[in-house]
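K.L.:
Dropping a structure here in structure tokens format, bear with me for questions.
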Amino acid sequence: MSKGIYVATIEPNSGKSVIVLGLMRMLLGKTAKVGYFRPIIEDLEVGEMDNHINTVVSHFEIDINYKNTFAFTRNEVLDLYNQGKSGRLLTKL
């Protein structure tokens, strides 16, 4: 059975990244396989990677396809919301 740990806050720049790095280090000491997922990322130029995702995946050498590390970009979320399709957000997440 898969188990998940979610790190969330209501404020930006609150230290989530540091917490995630520590949790990942601890989990990799107890299990051989971990993943990383951010529900929504900022819009990036073609070929660019989200800095948070890139840091965790590269530092811990996680074997995961980049497209599987997030669900939506910020603009995708806004587009769905503006089209009255916000239910699709919950369905995918």
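Ordering of the structure tokens sets the chain letters (A, B, ...), residue numbers begin anew at 1 in every chain, and ligands are numbered from 1 in the order given.
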Need to verify the contact set: A:Val20, 10 Å, only C-alpha atoms, exclusion of same-chain residues closer than 6 positions in sequence. Can you return it as a CSV table (one decimal) with N, CA and C atoms, in the first residue's frame?

P.N.:
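Now in out.csv:
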chain,number,residue,atom,x,y,z
A,5,ILE,N,3.0,11.6,2.6
A,5,ILE,CA,3.2,12.6,3.6
A,5,ILE,C,3.0,13.9,2.8
A,6,TYR,N,2.2,14.8,3.3
A,6,TYR,CA,1.9,16.1,2.6
A,6,TYR,C,2.4,17.2,3.5
A,7,VAL,N,3.2,18.1,2.8
A,7,VAL,CA,3.8,19.3,3.5
A,7,VAL,C,3.1,20.5,2.9
A,26,MET,N,15.3,11.4,5.8
A,26,MET,CA,14.9,10.5,6.8
A,26,MET,C,14.2,9.3,6.1
A,36,TYR,N,8.1,12.2,-5.3
A,36,TYR,CA,7.9,13.6,-5.0
A,36,TYR,C,6.9,14.2,-5.9
A,52,HIS,N,11.9,23.7,-7.2
A,52,HIS,CA,11.7,22.8,-6.0
A,52,HIS,C,11.8,21.3,-6.5
A,56,VAL,N,14.9,18.5,-5.3
A,56,VAL,CA,14.6,17.2,-4.6
A,56,VAL,C,15.0,16.0,-5.5

K.L.:
Taking only residues of stretch 42-61 of chain A that have an atom at most 10 Å from an atom of stretch 70-87 of chain A, what is each one's shortest atom pair and its distance in Å to one decimal, using only C-alpha atoms, in chain and number order, as CSV?

P.N.:
residue,atom,partner,partner_atom,distance
A:Glu42,CA,A:Arg74,CA,5.2
A:Asp43,CA,A:Thr73,CA,5.4
A:Leu44,CA,A:Thr73,CA,8.3
A:Asp50,CA,A:Phe70,CA,9.4
A:Ile53,CA,A:Phe70,CA,8.6

K.L.:
Those selected residues, please, written with N, CA and C atoms and delivered as a short mmCIF file (atom, residue, chain, number, x, y, z; two decimals), in the first residue's frame.

P.N.:
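The new file selection_27.cif reads:
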data_model
loop_
_atom_site.label_atom_id
_atom_site.label_comp_id
_atom_site.auth_asym_id
_atom_site.auth_seq_id
_atom_site.Cartn_x
_atom_site.Cartn_y
_atom_site.Cartn_z
N GLU A 42 4.55 26.85 -10.90
CA GLU A 42 4.51 28.08 -11.69
C GLU A 42 4.70 27.75 -13.16
N ASP A 43 4.25 28.64 -14.02
CA ASP A 43 4.46 28.46 -15.46
C ASP A 43 5.92 28.70 -15.77
N LEU A 44 6.48 27.83 -16.59
CA LEU A 44 7.91 27.90 -16.92
C LEU A 44 8.10 27.93 -18.43
N ASP A 50 10.74 23.11 -12.66
CA ASP A 50 10.42 23.75 -11.39
C ASP A 50 11.62 23.58 -10.46
N ILE A 53 11.13 20.99 -7.54
CA ILE A 53 11.14 19.61 -8.05
C ILE A 53 12.55 19.22 -8.44
#

K.L.:
So which one's closest to A:Lys92, A:Glu48, A:Gly4, A:Lys33, A:Ile40? Using only C-alpha atoms, please.

P.N.:
A:Ile40

K.L.:
Residues within 12 Å of A:Glu61, please, as a PyMOL selection string. Count only C-alpha atoms; anything in the same chain fewer than 3 positions from it doesn't count.

P.N.:
chain A and resi 24-25+28+32-36+53-58+64-65

K.L.:
Keeping only C-alpha atoms, write those residues as a PDB file, in the first residue's frame.

P.N.:
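Saved as again_17.pdb:
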ATOM      1  CA  MET A  24      13.256  12.878   2.223  1.00  0.00           C
ATOM      2  CA  ARG A  25      16.622  12.186   3.879  1.00  0.00           C
ATOM      3  CA  LEU A  28      15.382   7.266   2.295  1.00  0.00           C
ATOM      4  CA  ALA A  32      14.413   2.319  -0.744  1.00  0.00           C
ATOM      5  CA  LYS A  33      11.755   4.056  -2.813  1.00  0.00           C
ATOM      6  CA  VAL A  34      10.267   7.532  -2.449  1.00  0.00           C
ATOM      7  CA  GLY A  35       8.541   9.921  -4.818  1.00  0.00           C
ATOM      8  CA  TYR A  36       7.945  13.641  -4.994  1.00  0.00           C
ATOM      9  CA  ILE A  53      11.144  19.614  -8.046  1.00  0.00           C
ATOM     10  CA  ASN A  54      14.570  19.779  -9.654  1.00  0.00           C
ATOM     11  CA  THR A  55      16.298  20.232  -6.295  1.00  0.00           C
ATOM     12  CA  VAL A  56      14.624  17.250  -4.624  1.00  0.00           C
ATOM     13  CA  VAL A  57      14.750  14.905  -7.619  1.00  0.00           C
ATOM     14  CA  SER A  58      18.392  15.647  -8.459  1.00  0.00           C
ATOM     15  CA  ILE A  64      10.871   9.711 -11.839  1.00  0.00           C
ATOM     16  CA  ASN A  65       9.596  11.256 -15.051  1.00  0.00           C
TER      17      ASN A  65
END

K.L.:
Within chain A, find each residue whose DSSP state, derived from the backbone, is helix (DSSP H, G or I), and express the selection as a PyMOL selection string.

P.N.:
chain A and resi 16-30+51-59+66-68+74-82+87-92

K.L.:
Could those selected residues go to a file with C-alpha atoms, as a PDB file, in the first residue's frame?

P.N.:
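part_1.pdb, written as the output of this step:
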ATOM      1  CA  LYS A  16       8.623  23.935   3.402  1.00  0.00           C
ATOM      2  CA  SER A  17      11.627  23.141   1.215  1.00  0.00           C
ATOM      3  CA  VAL A  18      13.908  22.631   4.202  1.00  0.00           C
ATOM      4  CA  ILE A  19      11.308  20.384   5.840  1.00  0.00           C
ATOM      5  CA  VAL A  20      10.927  18.382   2.617  1.00  0.00           C
ATOM      6  CA  LEU A  21      14.682  17.876   2.290  1.00  0.00           C
ATOM      7  CA  GLY A  22      14.880  16.615   5.871  1.00  0.00           C
ATOM      8  CA  LEU A  23      11.880  14.310   5.457  1.00  0.00           C
ATOM      9  CA  MET A  24      13.256  12.878   2.223  1.00  0.00           C
ATOM     10  CA  ARG A  25      16.622  12.186   3.879  1.00  0.00           C
ATOM     11  CA  MET A  26      14.873  10.461   6.783  1.00  0.00           C
ATOM     12  CA  LEU A  27      12.551   8.421   4.538  1.00  0.00           C
ATOM     13  CA  LEU A  28      15.382   7.266   2.295  1.00  0.00           C
ATOM     14  CA  GLY A  29      17.090   5.945   5.418  1.00  0.00           C
ATOM     15  CA  LYS A  30      14.051   3.773   6.128  1.00  0.00           C
ATOM     16  CA  ASN A  51      13.246  24.632  -8.997  1.00  0.00           C
ATOM     17  CA  HIS A  52      11.737  22.771  -6.022  1.00  0.00           C
ATOM     18  CA  ILE A  53      11.144  19.614  -8.046  1.00  0.00           C
ATOM     19  CA  ASN A  54      14.570  19.779  -9.654  1.00  0.00           C
ATOM     20  CA  THR A  55      16.298  20.232  -6.295  1.00  0.00           C
ATOM     21  CA  VAL A  56      14.624  17.250  -4.624  1.00  0.00           C
ATOM     22  CA  VAL A  57      14.750  14.905  -7.619  1.00  0.00           C
ATOM     23  CA  SER A  58      18.392  15.647  -8.459  1.00  0.00           C
ATOM     24  CA  HIS A  59      19.691  15.790  -4.868  1.00  0.00           C
ATOM     25  CA  TYR A  66       9.385  15.034 -14.590  1.00  0.00           C
ATOM     26  CA  LYS A  67       5.817  15.104 -15.939  1.00  0.00           C
ATOM     27  CA  ASN A  68       4.777  12.831 -13.065  1.00  0.00           C
ATOM     28  CA  ARG A  74      -0.641  27.915 -12.464  1.00  0.00           C
ATOM     29  CA  ASN A  75      -2.142  29.032 -15.796  1.00  0.00           C
ATOM     30  CA  GLU A  76      -3.808  25.651 -16.308  1.00  0.00           C
ATOM     31  CA  VAL A  77      -5.496  26.014 -12.918  1.00  0.00           C
ATOM     32  CA  LEU A  78      -6.668  29.540 -13.718  1.00  0.00           C
ATOM     33  CA  ASP A  79      -7.970  28.469 -17.141  1.00  0.00           C
ATOM     34  CA  LEU A  80      -9.992  25.584 -15.691  1.00  0.00           C
ATOM     35  CA  TYR A  81     -11.361  27.796 -12.935  1.00  0.00           C
ATOM     36  CA  ASN A  82     -12.346  30.550 -15.389  1.00  0.00           C
ATOM     37  CA  GLY A  87     -14.013  20.023 -10.606  1.00  0.00           C
ATOM     38  CA  ARG A  88     -11.375  18.690 -12.988  1.00  0.00           C
ATOM     39  CA  LEU A  89      -8.723  19.950 -10.606  1.00  0.00           C
ATOM     40  CA  LEU A  90      -9.995  17.751  -7.804  1.00  0.00           C
ATOM     41  CA  THR A  91     -10.494  14.802 -10.137  1.00  0.00           C
ATOM     42  CA  LYS A  92      -6.882  14.885 -11.307  1.00  0.00           C
TER      43      LYS A  92
END

K.L.:
With distances taken over only C-alpha atoms, which residue among A:Leu93, A:Glu45, A:Ile62, A:Pro39 lies nearest A:Ala8?

P.N.:
A:Pro39

K.L.:
I'd like to know which residues of stretch 29-67 of chain A are strand (DSSP E or B) (by DSSP, run on the backbone); could you write them as an NGL selection string?

P.N.:
:A and (38-41)

K.L.:
Just to be explicit: take each residue in the selection above, keep C-alpha atoms, and write the result as a short mmCIF file (atom, residue, chain, number, x, y, z; two decimals), in the first residue's frame.

P.N.:
data_model
loop_
_atom_site.label_atom_id
_atom_site.label_comp_id
_atom_site.auth_asym_id
_atom_site.auth_seq_id
_atom_site.Cartn_x
_atom_site.Cartn_y
_atom_site.Cartn_z
CA ARG A 38 3.76 19.15 -6.31
CA PRO A 39 0.12 19.65 -7.25
CA ILE A 40 0.62 23.06 -8.87
CA ILE A 41 3.78 24.68 -10.20
#
